[in-house]
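Colleague: First the structure, which I've put down as structure tokens, then a few questions once you've had a look.
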Amino acid sequence: MARKTVRQPAVESELVYAFAKTSRLADLEEFISAPNIAEIADVGERCFSEKMYEAAKLLFTSVSNWGRLASTLVYLHDHQAAVDCARKANSTKVWKEVNTACIENGEFRLAQICALHLIVHAEELSNLVAVYEDRGFFDELIQLLEAGLGLERAHMGMFTDLAILYSKYRPDKLMEHLRLFHQRINIPKVIRSCEAAHLWSELVFLYTKYDEFDNAALTIMSHSPDAWEHPNFKDVVVKVTNLEIYYKALRFYLEEHPLLINDLLVVLTPRIDHTRVVQMFQKTNNLPLVKPYLIAVQQANNQAVNNAYNDLLIEEEDYKSLRDSIDHFDHFDALSLAQRLEKHELLEFRRIAAHLYKRNKRWRQSITLSKKDKLYKDAIDTVAESRDSELAEELLQFFVVEADRKDCFAACLYTAYDLLRPDQVLELAWRHRLQDFAMPYFVQFLREYSTKVDALEKANNERTLKEQEKEKQGTPIIGAGGGAAGLGNPLMLTYGGAMGTPQAAVAPVAMMGTPQAGVAPIPFMMNGAGF
């Protein structure tokens, strides 16, 4: 009745509220559809707060308050309509409210529609993930984030949280996700998650992509049943910065993968200390295992490597390789090795000992060892190289007196020809009736000396001729010329023309008088050369 006499907003608002309170929704709808000055929005809020959702729905619809309408529809369990209204409202708060309601009521398809509008906001993502996880809807959450990766506004947080969810609930999918999107995730966060989940292969992959090669290598060695792959480990270990990891890797392979250790050493060769590696394998008595490595690095001529390789060859009784090794790589303790080999039971190794003594100019020791093993050719060669006449004569006498080797006697004469004295050779040959074996030596000796005498005689004759020519060229002609003595002319003493008569030229001789007894006369040279 009051509305008919007074048109005031308060009156009409109270009338609308009365319709709602008495559930006269038809009258309410008719009233608000007609022109009125009621405060519909305020009345709708009153109805919503008093849980009169049907009336509130009508009121919010009439004023197009989509946000409050979506909230109202949630309470009316009209989730599809609530999602539609939330889309019109396009408010984060409304999306969150509708999403939570849909999750609570198991409407995951509608919840995902709402959530796709939330996950593009990085600040909302963690709360949304917590809502799903707290309720145990892991699969739905994973499906939501998988769907969100294709959005234009997808950000790093989405890729990171999906990786974390995979590590917790779907570990079989994590590696593929990391390979595809490792550049778009927050690697440190995912690393912590993988550590907690004990996903070692994935953890190693993340360390390598984060350039943490030291941690990657240590993780592989600590959890090798799950994380170790030989090609991958080789790629990782060569990039580490801590050199100690190289030697940990070698010990790891020695214990778990010994047959692959040489392949690992190939990639580590430029970076490791060969001496330390050799010592490591010597302590564990595993040098034969790394023989290919020793051969490969012997070019560096490292003493520890050479000694280890030589020891290995002695143990294997491979004298050919040992001889080749000591000839090409000389940085080792030669005398110590020679002393060790001279007591070896095999002849070829004792021969190498004699060779080492010879290389170190221990001629007598080398010859003694060769004579003991009847390696007479080696002894003869050693004598020839020593250039020692005494050793040559001793060896020659040994062949005649002790060994009774006439052939070696002749061979020694040939090889050490220039070191032997002919009288010694002649005496030995005469005393032991070896003239036939010594004859080639004497023939050569006589030939050589006759050649030398001929050469000396020729040289002497040439020198005599040259002296005679010089004397002829230097003797002046007496009486020739008539110039005064002086620069460019013969001395007055030998220049007859200046004295007037021949007698004047020999006058000084007469003045000297007769030589005394026992005193030889002083020769006088007519060419003025002096006394």
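Note on naming: chains are A, B, ... as they come in the structure tokens, residues start from 1 per chain, ligands start from 1 in the order shown.
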Can you list, as JSON, numbers by chain, every protein, DNA or RNA residue that comes within 8 Å of Lys406 (chain A) when you count only C-alpha atoms, leaving out same-chain residues fewer than 6 positions away?
Modeller: {"A": [399, 400, 434, 437]}
Colleague: As a PyMOL selection string, list the residues of region 334-407 of chain A assigned to alpha helix (DSSP H) by DSSP on the backbone atoms of this structure.
Modeller: chain A and resi 334-341+347-359+363-372+376-386+389-401+406-407
Colleague: Show me, as a list in words, the residues that have an atom within 10 Å of region 129-135 of chain A when counting only C-alpha atoms, minus same-chain residues fewer than 6 positions from it.
Modeller: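 Listed by chain and then number, they are Asn99, Thr100, Ile103, Glu104, Ala115, Ile119, Leu141, Ile142, Leu144, Leu145, Asp161, Leu162 and Leu165 of chain A.
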Colleague: What lies within 9 Å of Ala249 (chain A) using only C-alpha atoms, ignoring chain neighbours under 3 positions off, as a list of chain:residue names?
Modeller: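 Those residues are A:Ala217, A:Leu218, A:Met221, A:Val237, A:Glu244, A:Ile245, A:Tyr246, A:Phe252, A:Tyr253, A:Leu254, A:Leu264.
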Colleague: Excluding Ala354 (chain A) and residues on its chain fewer than 4 positions from it, collect all residues at most 8 Å away from it, counting only C-alpha atoms, and give them as number ranges by chain.
Modeller: A: 338, 342, 350, 358, 365-367, 369-370
Colleague: Please produce a file of those selected residues containing N, CA, C and O atoms, as a PDB file, in the first residue's frame.
Modeller:
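The new file out29.pdb reads:
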```pdb
ATOM      1  N   ALA A 338     119.075 -53.544 -15.664  1.00  0.00           N
ATOM      2  CA  ALA A 338     120.114 -54.455 -16.150  1.00  0.00           C
ATOM      3  C   ALA A 338     120.525 -55.446 -15.061  1.00  0.00           C
ATOM      4  O   ALA A 338     120.695 -56.650 -15.323  1.00  0.00           O
ATOM      5  N   GLU A 342     120.096 -59.483 -15.621  1.00  0.00           N
ATOM      6  CA  GLU A 342     121.267 -60.351 -15.791  1.00  0.00           C
ATOM      7  C   GLU A 342     121.144 -61.638 -14.987  1.00  0.00           C
ATOM      8  O   GLU A 342     121.891 -62.599 -15.218  1.00  0.00           O
ATOM      9  N   ARG A 350     118.829 -61.867 -20.443  1.00  0.00           N
ATOM     10  CA  ARG A 350     120.207 -61.571 -20.051  1.00  0.00           C
ATOM     11  C   ARG A 350     120.921 -60.821 -21.181  1.00  0.00           C
ATOM     12  O   ARG A 350     121.788 -59.971 -20.932  1.00  0.00           O
ATOM     13  N   LYS A 358     125.901 -51.894 -22.172  1.00  0.00           N
ATOM     14  CA  LYS A 358     126.619 -51.278 -23.291  1.00  0.00           C
ATOM     15  C   LYS A 358     126.124 -49.858 -23.539  1.00  0.00           C
ATOM     16  O   LYS A 358     126.930 -48.938 -23.781  1.00  0.00           O
ATOM     17  N   GLN A 365     131.311 -54.912 -18.029  1.00  0.00           N
ATOM     18  CA  GLN A 365     130.196 -55.710 -17.534  1.00  0.00           C
ATOM     19  C   GLN A 365     129.401 -56.321 -18.685  1.00  0.00           C
ATOM     20  O   GLN A 365     128.972 -57.477 -18.624  1.00  0.00           O
ATOM     21  N   SER A 366     129.213 -55.523 -19.719  1.00  0.00           N
ATOM     22  CA  SER A 366     128.475 -56.040 -20.871  1.00  0.00           C
ATOM     23  C   SER A 366     129.215 -57.188 -21.539  1.00  0.00           C
ATOM     24  O   SER A 366     128.628 -58.228 -21.873  1.00  0.00           O
ATOM     25  N   ILE A 367     130.523 -57.025 -21.718  1.00  0.00           N
ATOM     26  CA  ILE A 367     131.320 -58.076 -22.376  1.00  0.00           C
ATOM     27  C   ILE A 367     131.359 -59.332 -21.512  1.00  0.00           C
ATOM     28  O   ILE A 367     131.232 -60.459 -22.013  1.00  0.00           O
ATOM     29  N   LEU A 369     129.131 -60.381 -19.380  1.00  0.00           N
ATOM     30  CA  LEU A 369     127.847 -61.065 -19.440  1.00  0.00           C
ATOM     31  C   LEU A 369     127.660 -61.782 -20.784  1.00  0.00           C
ATOM     32  O   LEU A 369     127.160 -62.907 -20.838  1.00  0.00           O
ATOM     33  N   SER A 370     128.097 -61.149 -21.865  1.00  0.00           N
ATOM     34  CA  SER A 370     127.977 -61.777 -23.180  1.00  0.00           C
ATOM     35  C   SER A 370     128.878 -63.013 -23.285  1.00  0.00           C
ATOM     36  O   SER A 370     128.484 -64.034 -23.860  1.00  0.00           O
TER      37      SER A 370
END
```
Colleague: Arg405 (chain A): which residues within 12 Å, counting only C-alpha atoms, same-chain residues fewer than 6 positions away excluded, as a PyMOL selection string?
Modeller: chain A and resi 371+374+376-377+395-399+411-412+432+434+437
Colleague: Which neighbours of Gln80 (chain A) fall inside 12 Å, counting only C-alpha atoms, when residues of the same chain fewer than 6 positions from it are skipped, and could you give them as number ranges by chain?
Modeller: A: 70-71, 73-74, 86-87, 98-99, 101-102, 107-111, 113-114
Colleague: Could you dump the residues just selected with all heavy atoms as a short mmCIF file (atom, residue, chain, number, x, y, z; two decimals), in the first residue's frame?
Modeller:
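Heads up, here's the output in part-v5.cif:
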```cif
data_model
loop_
_atom_site.label_atom_id
_atom_site.label_comp_id
_atom_site.auth_asym_id
_atom_site.auth_seq_id
_atom_site.Cartn_x
_atom_site.Cartn_y
_atom_site.Cartn_z
N ALA A 70 27.65 -16.23 -10.21
CA ALA A 70 28.41 -17.48 -10.28
C ALA A 70 28.54 -18.08 -8.89
O ALA A 70 28.38 -19.30 -8.71
CB ALA A 70 29.79 -17.21 -10.87
N SER A 71 28.78 -17.23 -7.90
CA SER A 71 28.88 -17.74 -6.53
C SER A 71 27.55 -18.33 -6.07
O SER A 71 27.52 -19.37 -5.39
CB SER A 71 29.30 -16.61 -5.59
OG SER A 71 30.56 -16.07 -5.99
N LEU A 73 25.22 -19.63 -8.01
CA LEU A 73 24.97 -20.88 -8.73
C LEU A 73 25.79 -22.03 -8.16
O LEU A 73 25.39 -23.19 -8.24
CB LEU A 73 25.30 -20.69 -10.21
CG LEU A 73 24.34 -19.75 -10.96
CD1 LEU A 73 24.84 -19.48 -12.37
CD2 LEU A 73 22.93 -20.35 -11.01
N VAL A 74 26.95 -21.69 -7.61
CA VAL A 74 27.75 -22.73 -6.98
C VAL A 74 26.97 -23.35 -5.83
O VAL A 74 26.94 -24.59 -5.67
CB VAL A 74 29.09 -22.14 -6.49
CG1 VAL A 74 29.77 -23.09 -5.52
CG2 VAL A 74 29.99 -21.85 -7.67
N ALA A 86 31.19 -17.28 -14.58
CA ALA A 86 32.57 -16.92 -14.25
C ALA A 86 33.31 -16.47 -15.51
O ALA A 86 34.14 -15.56 -15.45
CB ALA A 86 33.27 -18.11 -13.61
N ARG A 87 33.02 -17.11 -16.62
CA ARG A 87 33.66 -16.70 -17.88
C ARG A 87 33.26 -15.26 -18.23
O ARG A 87 34.08 -14.48 -18.73
CB ARG A 87 33.27 -17.67 -18.99
CG ARG A 87 33.99 -17.41 -20.30
CD ARG A 87 33.63 -18.43 -21.36
NE ARG A 87 34.18 -19.75 -21.05
CZ ARG A 87 33.45 -20.81 -20.72
NH1 ARG A 87 32.11 -20.69 -20.60
NH2 ARG A 87 34.00 -21.97 -20.47
N VAL A 98 34.71 -20.82 -8.07
CA VAL A 98 34.01 -21.83 -8.86
C VAL A 98 34.85 -23.10 -8.98
O VAL A 98 34.35 -24.22 -8.91
CB VAL A 98 33.65 -21.27 -10.25
CG1 VAL A 98 33.01 -22.34 -11.12
CG2 VAL A 98 32.73 -20.07 -10.12
N ASN A 99 36.15 -22.90 -9.17
CA ASN A 99 37.05 -24.06 -9.29
C ASN A 99 37.02 -24.91 -8.03
O ASN A 99 36.92 -26.15 -8.09
CB ASN A 99 38.47 -23.57 -9.57
CG ASN A 99 39.50 -24.68 -9.52
OD1 ASN A 99 40.18 -24.85 -8.52
ND2 ASN A 99 39.58 -25.47 -10.58
N ALA A 101 34.66 -25.10 -5.81
CA ALA A 101 33.36 -25.76 -5.70
C ALA A 101 33.27 -26.96 -6.62
O ALA A 101 32.73 -28.02 -6.24
CB ALA A 101 32.26 -24.75 -6.03
N CYS A 102 33.77 -26.82 -7.84
CA CYS A 102 33.74 -27.95 -8.78
C CYS A 102 34.58 -29.11 -8.28
O CYS A 102 34.21 -30.28 -8.43
CB CYS A 102 34.22 -27.49 -10.15
SG CYS A 102 33.09 -26.35 -10.99
N GLU A 107 33.41 -32.28 -10.02
CA GLU A 107 33.24 -31.82 -11.40
C GLU A 107 34.61 -31.40 -11.95
O GLU A 107 34.90 -30.22 -12.13
CB GLU A 107 32.25 -30.64 -11.43
CG GLU A 107 30.84 -30.97 -11.01
CD GLU A 107 30.13 -31.83 -12.05
OE1 GLU A 107 30.61 -31.90 -13.21
OE2 GLU A 107 29.07 -32.42 -11.72
N PHE A 108 35.44 -32.40 -12.24
CA PHE A 108 36.83 -32.10 -12.61
C PHE A 108 36.96 -31.49 -14.01
O PHE A 108 37.88 -30.73 -14.27
CB PHE A 108 37.67 -33.37 -12.51
CG PHE A 108 37.77 -33.89 -11.10
CD1 PHE A 108 37.11 -35.06 -10.73
CD2 PHE A 108 38.47 -33.19 -10.13
CE1 PHE A 108 37.19 -35.54 -9.44
CE2 PHE A 108 38.54 -33.66 -8.83
CZ PHE A 108 37.90 -34.84 -8.48
N ARG A 109 36.05 -31.81 -14.88
CA ARG A 109 36.11 -31.20 -16.21
C ARG A 109 35.86 -29.71 -16.10
O ARG A 109 36.58 -28.88 -16.68
CB ARG A 109 35.09 -31.85 -17.13
CG ARG A 109 35.14 -31.33 -18.57
CD ARG A 109 34.04 -31.96 -19.39
NE ARG A 109 32.72 -31.57 -18.91
CZ ARG A 109 32.10 -30.42 -19.25
NH1 ARG A 109 32.72 -29.54 -20.03
NH2 ARG A 109 30.91 -30.14 -18.78
N LEU A 110 34.81 -29.34 -15.33
CA LEU A 110 34.53 -27.92 -15.14
C LEU A 110 35.62 -27.24 -14.30
O LEU A 110 35.96 -26.08 -14.54
CB LEU A 110 33.16 -27.76 -14.45
CG LEU A 110 31.97 -28.30 -15.25
CD1 LEU A 110 30.69 -28.19 -14.41
CD2 LEU A 110 31.81 -27.56 -16.56
N ALA A 111 36.14 -27.99 -13.32
CA ALA A 111 37.23 -27.45 -12.50
C ALA A 111 38.45 -27.14 -13.36
O ALA A 111 39.14 -26.13 -13.17
CB ALA A 111 37.59 -28.44 -11.39
N ILE A 113 38.41 -26.31 -16.52
CA ILE A 113 38.13 -25.09 -17.30
C ILE A 113 38.45 -23.85 -16.47
O ILE A 113 39.05 -22.89 -16.96
CB ILE A 113 36.66 -25.09 -17.75
CG1 ILE A 113 36.40 -26.23 -18.73
CG2 ILE A 113 36.30 -23.76 -18.38
CD1 ILE A 113 34.94 -26.40 -19.12
N CYS A 114 38.03 -23.89 -15.22
CA CYS A 114 38.32 -22.74 -14.34
C CYS A 114 39.82 -22.63 -14.06
O CYS A 114 40.39 -21.53 -14.09
CB CYS A 114 37.57 -22.90 -13.03
SG CYS A 114 35.77 -22.97 -13.19
#
```
Colleague: What separation in Å, quoted to one decimal, exists between CA of Asn310 (chain A) and CA of Leu250 (chain A)?
Modeller: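 Rounded to one decimal, the two atoms are 22.3 Å apart.
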Colleague: Determine the nearest neighbour of Tyr247 (chain A) from the options A:Met280, A:Asp235, A:Asp27, A:His230, counting only C-alpha atoms.
Modeller: A:Met280
Colleague: Between CA of Thr72 (chain A) and CA of Ala56 (chain A), what is the distance in Å, rounded to a tenth?
Modeller: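 Atom-to-atom, CA of Thr72 (chain A) and CA of Ala56 (chain A) are spaced 7.0 Å apart.
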Colleague: Between CA of Arg276 (chain A) and CA of Leu322 (chain A), measure the distance and give it in Å to one decimal.
Modeller: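 Distance between the two atoms: 22.6 Å.
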Colleague: Would you please work out which residue, of A:Leu375, A:Leu58, A:Leu356, A:Val290, is nearest to Pro258 (chain A) when using only C-alpha atoms?
Modeller: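 Of all the options, A:Val290 lies closest to Pro258 (chain A).
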Colleague: From the list A:Thr368, A:Gln339, A:Ser193, A:Thr160, which residue is nearest Phe181 (chain A) when using only C-alpha atoms?
Modeller: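 Closest candidate: A:Thr160.
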Colleague: Closest to Asn186 (chain A) among A:Ala10, A:Leu116, A:Lys209, A:Ser62, using only C-alpha atoms?
Modeller: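 Answer, going by the shortest atom-to-atom distance: A:Lys209.
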Colleague: For Leu174 (chain A), which of A:Ser33, A:Val236, A:Leu199, A:Pro188 is the closest residue, counting only C-alpha atoms?
Modeller: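 Going through A:Ser33, A:Val236, A:Leu199, A:Pro188 one by one, the smallest distance to Leu174 (chain A) is for A:Leu199.
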Colleague: Identify which of the residues A:Tyr414, A:Phe213, A:Tyr293, A:Phe332 lies closest to Tyr441 (chain A), counting only C-alpha atoms when measuring atom-to-atom distances.
Modeller: A:Tyr414
